[in-house]
Structure formats: structure tokens, C-alpha cells
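K.L.:
Okay, here's the structure, questions in a sec.
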Amino acid sequence: MLVRMLHLASAMRSPLTYQFGPDEEFHVRFAQALSSGAASDPVFGFMDPLYGYVLAALFAVTGFNIFAVYLVQVAVDALAAYGLILIAREFDRERAGIVAAALYALCLPATLYATTLLKATWVAALLVLWVWLALRALRHDRWGWWVGLGLLGGLGVALRGNLLLLALAGLLLVPLLAQGRGGILAPAARAAWMLGGLALPLALLSLRNAELSGTFSPLPGNGGIVLHQLYNPDNPRSEQYAPAFVSMLHPIEIWQGYRAQAQRRLGRPLSGAQVDRYWRAQALEFITAHPAQVAGNLARKAGKFAAFPEVPNNRSLADEREFSPTLRLLPASFGWLFALGIPGLVVLTWRDRRGWLVVLPLAVVAATFVVFFAESRFRFHGVALFAFAAGYFLDQVWRWARARSVRPLAFGGVAVAVLVALAFWQSQGVSLPGPNWHRIALGQIKSGEPEQARASLQRLLADGESAGAHELQAYFALTERRIDDAITHYRAGIALQPGQHVLHLNLARTLLRKGDHEAALEPAIQAAKLAPTAENLFVLADAYERNGEPGTAASVYRTVLAGGARAADAVALEHARSQLQRLQAPEAR
């Protein structure tokens, strides 16, 4: 709790707290849509929903209070550390749990993710809770514990879809570990109680997804799209990737781009389920046509799982360390947890078959990492349990040392040395970016620190010309009323990255501000084409109206009201409604 609170103090002063990553923005928009009753847009079926509901509940109580969310997540993370002690007590190894909790307390990624609007902290805590609840079910062997374990498995699916593997495998593994008590049919009865608990959340998830995407499934409608992102001819290394028809690595942009491209290829409108099935088929066709390439990538990512570095996607340690002394002091931890945790798992399962309850969720985490995105946020889900395994191993080493058991000490030392060497070796192939000064500067602008943003711009310019640098230069030109310079910078940025709809949007706004309404129409059209957000469509409607086309402007507002805008909230819908009424009034005509 102390380590997390020290970092929280820095995080609340960091400009990055006010510059959300793509998934963070999606969760916030979904939570806000839930609060306003406008969460029926199919795009909200693209990701797992439970974290959005958690945010909506917190916002309902505290308002849009990021500090309150972070404070709750710090508490959840501290409870996860305590959960490691509870798990150790089930194995009669409380000292191992205390060591594990200390290791987790000093864990670098755990400290970072507690102060993000991402589900990572909640998933790690849920896995700890799942292991503890499974151990309690084995100890007490009453129907309530088995139902509760199934229910928790279903909530895990709502939080992170890949945990369906854990829920289903748990139906087989956990009852079998209790074999020998209650007769030959007892495992089947325990599995039935678990299935009863699992059925309720899965049924609710399936009903929700059927309403949003048209398929009765507990999984979100992103599996085929994510699979295609990783397995296609233009992504030979199976890494984070967005095709040319996706304007940004943002969940909403990804969904819109993939849906539009599938509809163009097939020549007809498609539901969310149809879009997902189309891209899954495309990905599977590539996988079957290139088995050797796919196998090589899986092997490479399996090795990468052991590496020390934390590979960023939504939040980057290189950025965060600029503003958090706590993160700068904490060492890279995963390689050590991996090197100590693997021998710990071997010893644990050798001495107690219940240790497979720790292995199972870690296997699910590793499989997801290898098959999908080999990035630290997805590996982090298993970090707390790796800390437990490492704590168990260190406690066992202490016991061997006291008993002067030389042979197991020697074997354990060699195993750790080999695994540490593997982690270091895998780290050599991981290329990490430096601080993203563009993102930092945008956060500084949002948090009211323009001079700091100017300093960040200078650091960005030192790396050469970029679209982000031109965007920031245009912003500062506008603050100084140098409109022509701003227009020049926006156009230069578009020349470098024509797929960035924000640049087109800001160019259109600046031209409208200048009074060049005719020139503003083309970038406004392009922004709405790249990303049909309510904001982009409103600027497009304004451009049409100022160019003497009120009828076309009215049709744009009708598009928003008909659901053609990307995840429009209640405020946007009301604005579109009022503008349409104004344009249709007799005096306007």
C-alpha cells in the first residue's frame, strides 16, 4: 500500500494521467455511455464489458474522479498482495506468502498499472482470488464454495474474455483434485455446482452480446479482428499492427475500419458478428497457408514471455518514469519473478498436487501472450501468481539450507541461473522506445502546463520532423493567433500521416476560423471519412452550412441521430437533434 500510494502521489501530478491511452479512452467512453443510457452502439461490444461497468459505478458515486478510481485500484492491488499470503496459508507456508507479498509490492508493472484506467490490476487480483477460492473449495467441499468458484470464473470472462479458458479448464481440474472424497460421482457433482455458478454470468454476457453484435456468445465481438491483426500477410512477425484501412490503434477506430473494409469487400452491410466471422476466416486462411511462419512466431513470442523489459502498448514505462520517482527506483522485475517462479511451480506441484491450481491460470496467461499480443500488459495478469511461486521457492531454499540439503540447493541454483540467463538473452531482442514527447506534451496542454508542453515539443523536434511535432506547432501558433502558420503545420502533418483524422479535423476547424469555408470542406470530409465520430460529423455539418448547403448539413445531423456516428453519447445526440430542428425551422429555410 505504501509503495502504491507513493507512486499515486506522483501520478496525480503527471500530465499522462490526463492523456489517456487508446483502451483507457474506450473504457471511459463506455462508462460515460452507460451512465447516460447510450451504450447500445455496436462498437461497445468490441471489448470485454466488466471494467466499463466498474468505472461507471465509481463515476456514479464520485463523479468523473480519476483519483477515486486510482485509489480503489491501489486498494485492490494491496488486497491481491494479501491474497498471496492467504494462498500460502492454504499450503501451510505463510512465510512464503509474506515473501511473495513483498516481491509483489516491489513489482514495477504492478505499481504502474494501479494508476491507469486499464483492467490489468483487476485481472491480476481476480486470478489471485480464483486460486484462493479454489483452494477453499477443496478444503471445505461444500456446494456454496463450488458455486462461488463458478460464478467468479464467469465474472472473469466478463473482465477478460480469454479467462473463459480458465473457467472451462477449472471445471475439469478443480473437482478432480478433490478426488477420493464423496465417492466416484463426487467430481461430477462438484463440476455441476461450478457449472451452475458459471452459467449465470455467461448467459448475461451472451444476451448482451446478442443485442449489440447479433451473436449469442459470452465473448466480445473482437476475436476475429484481433486474430487478423496478428495473422495476415502484412504482419510477418505477428506483432501489434493496424492495416492501412484503420486510422489509429484505438479500439473504436479498429472496429470502424475493419467493419467498413469488410463491407466494402462483400458489398453489403454487416452485423458485428458477421464482421468478426469474416476476419476470423481471413486469419485462419493465412494460418493454414503459412504454418511454419506461424509456428516460428509462436516460438519467438514464447521466449519473449521470459524477458525482463516491459513492452508498452497503452502506457509506457519510458513515459511514466519521467514523472514518477517511485517507478525510477523500482527495478525491472519480471525476469527475476520468472526465474524464481518456474522452479517454485515445479517444487510446489511435486510436493502438493493442489499446486496445479496456480499453474492453470499462469498457463492461460502465457498462452494468450504467445498466441495474441506479446506485450507487458497481457503478461502482467500472471505477475502476482509468479510472485507467489517465487516466494514459495525462496522459502523452500531457506528450508533446504537449514536442513543442509546440498543436492536440491545445487539443482535449484542451476535452474535459477539458467532461467535468469534466458531472461537476459530474450531481453536482447526487445527494442523499447524512448519517451513519447508528443503524448507527454498533449497531456501537459490538457493539464494546463503550456510552458512544459513547449519544452516537450523541443525534445520532440530534436528527433526530427514528425506529424506530432507539426500538430503541436500548429496548436501553439493558434494560441498566438498565427492562423496561417497553424494551417501550414497541419498540412505538413497530414502529408506525413494522411490517416490521422485529428489532423484533418483541426485543419478544417482552423480554416473555418479563418473564414475560408470552401477550403475547410475537404479536410472536414476526410476527417469524417477516416473516423465518423460525432465531433467530426458536427464539424462537417458546420462546413456544409457555411458553404451554403444547409440541406446537406441537416442530412449529416440525421446520420448522427440514426446511429451513424461512432459511439455518440447523449449530449452529442441532443446537440444533433437541436441543430437539425434549427435547420428545419421556416426562418432557416
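Order determines the names: the first chain of the C-alpha cells is A, the second B, and so forth; residues in each chain are numbered 1 upward, and ligands are numbered 1 upward as they are shown.
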Within 12 Å of Tyr475 of chain A, counting only C-alpha atoms, which residues show up once you throw out same-chain ones fewer than 6 positions away? Write them as a list in words, please.

P.N.:
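My list of contacting residues is Ala441, Leu442, Ile445, Pro450, Ala453, Arg454, Leu457, Gly468, Ala469, Arg481, Arg482, Ile483, Asp484, Asp485, Ala486, Ile487, Thr488, His489, Tyr490, Leu503, Asn506, Leu507, Arg509 and Thr510 of chain A.
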
K.L.:
Using the selection just defined, write its residues with N, CA, C and O atoms as a tab-separated table (two decimals), in the first residue's frame.

P.N.:
```tsv
chain	number	residue	atom	x	y	z
A	441	ALA	N	3.43	16.00	-24.23
A	441	ALA	CA	3.07	17.40	-24.45
A	441	ALA	C	1.56	17.58	-24.51
A	441	ALA	O	1.02	18.56	-23.96
A	442	LEU	N	0.85	16.64	-25.15
A	442	LEU	CA	-0.61	16.75	-25.18
A	442	LEU	C	-1.19	16.67	-23.77
A	442	LEU	O	-2.14	17.40	-23.43
A	445	ILE	N	-0.64	20.00	-22.06
A	445	ILE	CA	-1.60	21.01	-22.52
A	445	ILE	C	-2.93	20.82	-21.81
A	445	ILE	O	-3.55	21.77	-21.32
A	450	PRO	N	1.30	24.83	-20.30
A	450	PRO	CA	1.75	25.13	-21.67
A	450	PRO	C	3.27	25.27	-21.80
A	450	PRO	O	3.85	24.87	-22.81
A	453	ALA	N	4.78	21.99	-21.94
A	453	ALA	CA	4.47	21.39	-23.24
A	453	ALA	C	5.41	21.93	-24.32
A	453	ALA	O	5.83	21.20	-25.21
A	454	ARG	N	5.75	23.20	-24.23
A	454	ARG	CA	6.72	23.76	-25.19
A	454	ARG	C	8.08	23.09	-25.06
A	454	ARG	O	8.76	22.81	-26.05
A	457	LEU	N	7.88	19.81	-26.67
A	457	LEU	CA	7.92	19.98	-28.13
A	457	LEU	C	9.36	20.10	-28.62
A	457	LEU	O	9.73	19.51	-29.64
A	468	GLY	N	3.35	14.56	-35.26
A	468	GLY	CA	3.06	15.03	-33.91
A	468	GLY	C	3.68	16.39	-33.63
A	468	GLY	O	3.06	17.25	-32.99
A	469	ALA	N	4.92	16.59	-34.10
A	469	ALA	CA	5.58	17.89	-33.90
A	469	ALA	C	4.82	18.99	-34.63
A	469	ALA	O	4.62	20.10	-34.10
A	481	ARG	N	-2.36	33.31	-32.30
A	481	ARG	CA	-3.18	33.87	-33.38
A	481	ARG	C	-2.43	33.93	-34.71
A	481	ARG	O	-2.69	34.79	-35.55
A	482	ARG	N	-1.52	33.01	-34.93
A	482	ARG	CA	-0.83	32.88	-36.21
A	482	ARG	C	-1.54	31.79	-37.02
A	482	ARG	O	-1.06	30.67	-37.15
A	483	ILE	N	-2.71	32.14	-37.52
A	483	ILE	CA	-3.58	31.14	-38.14
A	483	ILE	C	-2.95	30.54	-39.39
A	483	ILE	O	-3.02	29.32	-39.61
A	484	ASP	N	-2.30	31.36	-40.23
A	484	ASP	CA	-1.70	30.82	-41.45
A	484	ASP	C	-0.59	29.84	-41.13
A	484	ASP	O	-0.43	28.82	-41.82
A	485	ASP	N	0.20	30.13	-40.08
A	485	ASP	CA	1.26	29.19	-39.68
A	485	ASP	C	0.65	27.87	-39.20
A	485	ASP	O	1.18	26.78	-39.47
A	486	ALA	N	-0.45	27.97	-38.47
A	486	ALA	CA	-1.11	26.76	-37.98
A	486	ALA	C	-1.60	25.91	-39.15
A	486	ALA	O	-1.42	24.68	-39.16
A	487	ILE	N	-2.18	26.55	-40.15
A	487	ILE	CA	-2.66	25.82	-41.33
A	487	ILE	C	-1.49	25.13	-42.04
A	487	ILE	O	-1.58	23.97	-42.45
A	488	THR	N	-0.37	25.83	-42.15
A	488	THR	CA	0.81	25.25	-42.78
A	488	THR	C	1.28	24.00	-42.03
A	488	THR	O	1.59	22.97	-42.64
A	489	HIS	N	1.31	24.08	-40.71
A	489	HIS	CA	1.76	22.93	-39.91
A	489	HIS	C	0.78	21.77	-40.00
A	489	HIS	O	1.20	20.60	-40.08
A	490	TYR	N	-0.51	22.06	-39.96
A	490	TYR	CA	-1.48	20.96	-40.08
A	490	TYR	C	-1.34	20.25	-41.43
A	490	TYR	O	-1.39	19.01	-41.51
A	503	LEU	N	-5.75	15.41	-37.38
A	503	LEU	CA	-5.08	16.47	-38.14
A	503	LEU	C	-6.03	17.09	-39.16
A	503	LEU	O	-6.09	18.32	-39.32
A	506	ASN	N	-8.63	19.23	-37.19
A	506	ASN	CA	-8.10	20.51	-36.72
A	506	ASN	C	-7.82	21.47	-37.87
A	506	ASN	O	-7.96	22.70	-37.72
A	507	LEU	N	-7.39	20.93	-39.02
A	507	LEU	CA	-7.20	21.79	-40.19
A	507	LEU	C	-8.54	22.39	-40.63
A	507	LEU	O	-8.63	23.60	-40.92
A	509	ARG	N	-11.21	22.95	-38.78
A	509	ARG	CA	-11.61	23.94	-37.78
A	509	ARG	C	-10.85	25.25	-37.96
A	509	ARG	O	-11.42	26.34	-37.82
A	510	THR	N	-9.55	25.12	-38.24
A	510	THR	CA	-8.73	26.33	-38.38
A	510	THR	C	-9.13	27.11	-39.63
A	510	THR	O	-9.20	28.35	-39.61
```

K.L.:
Would you kindly return, as a PyMOL selection string, each protein, DNA or RNA residue with an atom no farther than 12 Å from any atom of Ala262 of chain A, considering only C-alpha atoms and excluding same-chain residues fewer than 2 positions away?

P.N.:
chain A and resi 224-225+245-246+255-260+264-282

K.L.:
Export N, CA and C atoms of the chosen residues as a short mmCIF file (atom, residue, chain, number, x, y, z; two decimals), in the first residue's frame?

P.N.:
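The new file out_31.cif reads:
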```
data_model
loop_
_atom_site.label_atom_id
_atom_site.label_comp_id
_atom_site.auth_asym_id
_atom_site.auth_seq_id
_atom_site.Cartn_x
_atom_site.Cartn_y
_atom_site.Cartn_z
N GLY A 224 -12.11 -12.34 -34.02
CA GLY A 224 -11.66 -12.46 -35.40
C GLY A 224 -10.82 -11.30 -35.84
N ILE A 225 -11.20 -10.09 -35.42
CA ILE A 225 -10.45 -8.89 -35.80
C ILE A 225 -9.06 -8.91 -35.18
N PHE A 245 -6.39 0.42 -43.64
CA PHE A 245 -7.76 0.90 -43.55
C PHE A 245 -8.19 1.23 -42.12
N VAL A 246 -7.27 1.16 -41.16
CA VAL A 246 -7.53 1.57 -39.78
C VAL A 246 -6.70 2.83 -39.51
N TRP A 255 -12.37 -1.07 -34.81
CA TRP A 255 -13.68 -1.65 -35.13
C TRP A 255 -14.27 -1.00 -36.37
N GLN A 256 -14.27 0.33 -36.42
CA GLN A 256 -14.87 1.03 -37.55
C GLN A 256 -14.14 0.70 -38.85
N GLY A 257 -12.80 0.70 -38.80
CA GLY A 257 -12.03 0.42 -40.00
C GLY A 257 -12.23 -0.98 -40.52
N TYR A 258 -12.23 -1.97 -39.62
CA TYR A 258 -12.43 -3.36 -40.03
C TYR A 258 -13.85 -3.59 -40.55
N ARG A 259 -14.83 -2.97 -39.90
CA ARG A 259 -16.20 -3.15 -40.39
C ARG A 259 -16.37 -2.54 -41.77
N ALA A 260 -15.85 -1.31 -41.97
CA ALA A 260 -16.00 -0.65 -43.27
C ALA A 260 -15.30 -1.44 -44.37
N ARG A 264 -16.99 -3.15 -47.62
CA ARG A 264 -16.56 -2.82 -48.98
C ARG A 264 -16.24 -4.08 -49.77
N ARG A 265 -15.57 -5.03 -49.14
CA ARG A 265 -15.18 -6.25 -49.86
C ARG A 265 -16.38 -7.11 -50.22
N LEU A 266 -17.36 -7.18 -49.32
CA LEU A 266 -18.51 -8.05 -49.57
C LEU A 266 -19.67 -7.31 -50.23
N GLY A 267 -19.62 -5.99 -50.21
CA GLY A 267 -20.63 -5.20 -50.91
C GLY A 267 -21.99 -5.18 -50.25
N ARG A 268 -22.03 -5.34 -48.94
CA ARG A 268 -23.32 -5.30 -48.23
C ARG A 268 -23.08 -4.93 -46.76
N PRO A 269 -24.12 -4.41 -46.09
CA PRO A 269 -23.98 -4.12 -44.66
C PRO A 269 -23.81 -5.40 -43.86
N LEU A 270 -23.03 -5.31 -42.79
CA LEU A 270 -22.74 -6.48 -41.96
C LEU A 270 -22.99 -6.16 -40.50
N SER A 271 -23.50 -7.14 -39.77
CA SER A 271 -23.62 -7.01 -38.32
C SER A 271 -22.24 -7.20 -37.69
N GLY A 272 -22.15 -6.89 -36.40
CA GLY A 272 -20.88 -7.08 -35.71
C GLY A 272 -20.40 -8.51 -35.76
N ALA A 273 -21.32 -9.47 -35.59
CA ALA A 273 -20.95 -10.88 -35.63
C ALA A 273 -20.45 -11.28 -37.02
N GLN A 274 -21.08 -10.75 -38.06
CA GLN A 274 -20.66 -11.08 -39.42
C GLN A 274 -19.28 -10.51 -39.73
N VAL A 275 -19.02 -9.30 -39.25
CA VAL A 275 -17.70 -8.70 -39.43
C VAL A 275 -16.64 -9.56 -38.76
N ASP A 276 -16.92 -9.98 -37.54
CA ASP A 276 -15.94 -10.77 -36.79
C ASP A 276 -15.70 -12.12 -37.47
N ARG A 277 -16.76 -12.75 -37.96
CA ARG A 277 -16.60 -14.04 -38.64
C ARG A 277 -15.79 -13.90 -39.92
N TYR A 278 -16.00 -12.80 -40.64
CA TYR A 278 -15.27 -12.60 -41.90
C TYR A 278 -13.77 -12.52 -41.64
N TRP A 279 -13.37 -11.72 -40.64
CA TRP A 279 -11.94 -11.54 -40.41
C TRP A 279 -11.32 -12.76 -39.74
N ARG A 280 -12.09 -13.50 -38.98
CA ARG A 280 -11.57 -14.75 -38.43
C ARG A 280 -11.25 -15.74 -39.56
N ALA A 281 -12.13 -15.79 -40.53
CA ALA A 281 -11.90 -16.68 -41.67
C ALA A 281 -10.64 -16.25 -42.44
N GLN A 282 -10.45 -14.94 -42.60
CA GLN A 282 -9.26 -14.45 -43.28
C GLN A 282 -7.99 -14.83 -42.53
#
```

K.L.:
List the spatial neighbours of Trp122 of chain A as a VMD selection string - criterion: any atom at most 9 Å away, only C-alpha atoms, same-chain residues fewer than 2 positions off excluded.

P.N.:
chain A and resid 51 73 76 to 77 114 118 to 120 124 to 127 159 381

K.L.:
Those residues with C-alpha atoms, as a PDB file, in the first residue's frame please?

P.N.:
```
ATOM      1  CA  TYR A  51     -14.287  -2.936 -16.340  1.00  0.00           C
ATOM      2  CA  GLN A  73      -7.310   0.172  -7.671  1.00  0.00           C
ATOM      3  CA  VAL A  76      -7.493  -3.828  -4.951  1.00  0.00           C
ATOM      4  CA  ASP A  77      -3.792  -4.313  -5.648  1.00  0.00           C
ATOM      5  CA  ALA A 114      -2.679   0.520 -10.445  1.00  0.00           C
ATOM      6  CA  LEU A 118      -6.933  -0.296 -17.548  1.00  0.00           C
ATOM      7  CA  LYS A 119      -8.259  -3.608 -16.269  1.00  0.00           C
ATOM      8  CA  ALA A 120      -4.799  -5.124 -15.639  1.00  0.00           C
ATOM      9  CA  ALA A 124      -4.303  -9.937 -11.631  1.00  0.00           C
ATOM     10  CA  ALA A 125      -6.362  -9.653  -8.432  1.00  0.00           C
ATOM     11  CA  LEU A 126      -9.127 -11.862  -9.829  1.00  0.00           C
ATOM     12  CA  LEU A 127      -6.645 -14.636 -10.627  1.00  0.00           C
ATOM     13  CA  LEU A 159     -13.500  -8.871 -17.295  1.00  0.00           C
ATOM     14  CA  HIS A 381      -2.035 -10.624 -15.459  1.00  0.00           C
TER      15      HIS A 381
END
```

K.L.:
Do you know which residues are at most 10 Å from Ala543 of chain A counting only C-alpha atoms, after dropping those on the same chain fewer than 2 positions away, and could you put them as a VMD selection string?

P.N.:
chain A and resid 508 to 509 511 to 512 516 to 525 537 to 541 545 to 550 552 to 553

K.L.:
Pick from A:Leu84, A:Gly464, A:Phe378, A:Leu357: nearest to Ala134 of chain A, with only C-alpha atoms counted?

P.N.:
A:Leu357

K.L.:
Which residue out of A:Ala366, A:Ala199, A:Ala554, A:Ala415 has the minimum interatomic distance to Ala585 of chain A when only C-alpha atoms are used?

P.N.:
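Distance minimum relative to Ala585 of chain A lands on A:Ala554.
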
K.L.:
List the neighbours of Ser10 of chain A out to 6 Å using only C-alpha atoms; skip same-chain residues closer than 3 positions along the sequence, and give me the result as a list in words.

P.N.:
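With the cut-off at 6 Å, the set is His7, Arg13 and Ser324 of chain A.
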
K.L.:
If you count only C-alpha atoms, which residues fall within 12 Å of Trp425 of chain A, apart from same-chain ones fewer than 6 positions away, as a list in words?

P.N.:
Gly303, Lys304, Phe305, Ala306, Ala307, Phe308, Pro309, Gly335, Val418 and Leu419 of chain A

K.L.:
Please produce an output containing N, CA, C and O atoms for each residue in the selection, written as a CSV table (one decimal), in the first residue's frame.

P.N.:
```
chain,number,residue,atom,x,y,z
A,303,GLY,N,9.5,-17.3,-26.1
A,303,GLY,CA,10.7,-16.9,-25.5
A,303,GLY,C,10.7,-15.5,-24.9
A,303,GLY,O,11.2,-15.2,-23.8
A,304,LYS,N,10.0,-14.6,-25.6
A,304,LYS,CA,9.8,-13.2,-25.2
A,304,LYS,C,9.1,-13.1,-23.9
A,304,LYS,O,9.2,-12.1,-23.2
A,305,PHE,N,8.3,-14.1,-23.6
A,305,PHE,CA,7.5,-14.1,-22.3
A,305,PHE,C,8.4,-14.0,-21.1
A,305,PHE,O,8.0,-13.5,-20.1
A,306,ALA,N,9.6,-14.5,-21.2
A,306,ALA,CA,10.6,-14.6,-20.1
A,306,ALA,C,11.4,-13.3,-20.0
A,306,ALA,O,12.1,-13.1,-19.0
A,307,ALA,N,11.4,-12.4,-21.0
A,307,ALA,CA,12.3,-11.3,-21.0
A,307,ALA,C,12.0,-10.3,-19.9
A,307,ALA,O,10.9,-10.1,-19.4
A,308,PHE,N,13.0,-9.6,-19.5
A,308,PHE,CA,12.9,-8.5,-18.4
A,308,PHE,C,12.1,-7.3,-18.9
A,308,PHE,O,11.2,-6.8,-18.1
A,309,PRO,N,12.3,-6.8,-20.0
A,309,PRO,CA,11.6,-5.5,-20.4
A,309,PRO,C,10.1,-5.5,-20.4
A,309,PRO,O,9.5,-6.6,-20.7
A,335,GLY,N,11.8,-10.7,-15.1
A,335,GLY,CA,12.8,-11.7,-15.4
A,335,GLY,C,13.1,-12.5,-14.1
A,335,GLY,O,13.2,-13.7,-14.1
A,418,VAL,N,20.1,-20.6,-15.1
A,418,VAL,CA,19.7,-20.9,-16.5
A,418,VAL,C,18.5,-20.0,-16.9
A,418,VAL,O,18.5,-19.4,-18.0
A,419,LEU,N,17.5,-19.9,-16.0
A,419,LEU,CA,16.3,-19.1,-16.3
A,419,LEU,C,16.7,-17.6,-16.3
A,419,LEU,O,16.1,-16.8,-17.2
```

K.L.:
Looking at A:Trp130, A:Phe216, A:Tyr82, A:Trp400, which one is nearest to Gly154 of chain A, with distances taken over only C-alpha atoms?

P.N.:
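With only C-alpha atoms as the atom set, the closest residue is A:Trp130.
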
K.L.:
Taking 5 positions as the minimum chain separation for residues in the same chain, which residues sit within 9 Å of Val502 of chain A when counting only C-alpha atoms? Answer as a PyMOL selection string.

P.N.:
chain A and resi 507+527+531+536

K.L.:
Could you please take those selected residues and save all heavy atoms as a short mmCIF file (atom, residue, chain, number, x, y, z; two decimals), in the first residue's frame?

P.N.:
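Output file part08.cif follows:
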```cif
data_model
loop_
_atom_site.label_atom_id
_atom_site.label_comp_id
_atom_site.auth_asym_id
_atom_site.auth_seq_id
_atom_site.Cartn_x
_atom_site.Cartn_y
_atom_site.Cartn_z
N LEU A 507 -7.39 20.93 -39.02
CA LEU A 507 -7.20 21.79 -40.19
C LEU A 507 -8.54 22.39 -40.63
O LEU A 507 -8.63 23.60 -40.92
CB LEU A 507 -6.58 20.99 -41.34
CG LEU A 507 -6.44 21.73 -42.67
CD1 LEU A 507 -5.59 22.98 -42.52
CD2 LEU A 507 -5.86 20.81 -43.75
N ALA A 527 -11.85 13.94 -42.54
CA ALA A 527 -11.88 13.56 -41.12
C ALA A 527 -13.07 12.66 -40.82
O ALA A 527 -12.94 11.63 -40.13
CB ALA A 527 -11.93 14.81 -40.24
N ALA A 531 -12.84 8.72 -39.64
CA ALA A 531 -13.41 8.35 -38.35
C ALA A 531 -14.74 9.07 -38.19
O ALA A 531 -14.76 10.28 -37.90
CB ALA A 531 -12.47 8.71 -37.21
N ASN A 536 -16.39 14.83 -35.43
CA ASN A 536 -16.01 15.03 -36.83
C ASN A 536 -17.22 15.35 -37.70
O ASN A 536 -17.15 16.20 -38.60
CB ASN A 536 -15.29 13.79 -37.36
CG ASN A 536 -13.91 13.61 -36.76
OD1 ASN A 536 -13.43 14.46 -36.01
ND2 ASN A 536 -13.27 12.49 -37.08
#
```

K.L.:
Mind listing the helix (DSSP H, G or I) residues of segment 136-185 of chain A, per DSSP on the backbone, as an MDAnalysis selection string?

P.N.:
chainID A and resid 136:140 143:159 161:177

K.L.:
Looking at A:Trp398, A:Phe59, A:Tyr113, A:Phe393, which one is nearest to Glu24 of chain A, with distances taken over only C-alpha atoms?

P.N.:
A:Tyr113

K.L.:
Separation of atom CA of Gly144 of chain A and atom CA of Ala389 of chain A, in Å?

P.N.:
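Atom-to-atom, atom CA of Gly144 of chain A and atom CA of Ala389 of chain A are spaced 28.0 Å apart.
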
K.L.:
Counting only C-alpha atoms, figure out which residue out of A:Ala455, A:Leu16, A:Ala88, A:Ala188 gets nearest to Ala318 of chain A.

P.N.:
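Looking at the shortest contact to Ala318 of chain A, the residue is A:Leu16.
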
K.L.:
May I ask which of the residues A:Trp350, A:Phe380, A:Trp193, A:Tyr104 is the closest one to Gly148 of chain A, counting only C-alpha atoms?

P.N.:
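Nearest to Gly148 of chain A: A:Trp193.
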
K.L.:
Please report the interatomic distance between atom CA of Ala477 of chain A and atom CA of Asp542 of chain A in Å with one decimal.

P.N.:
23.1 Å
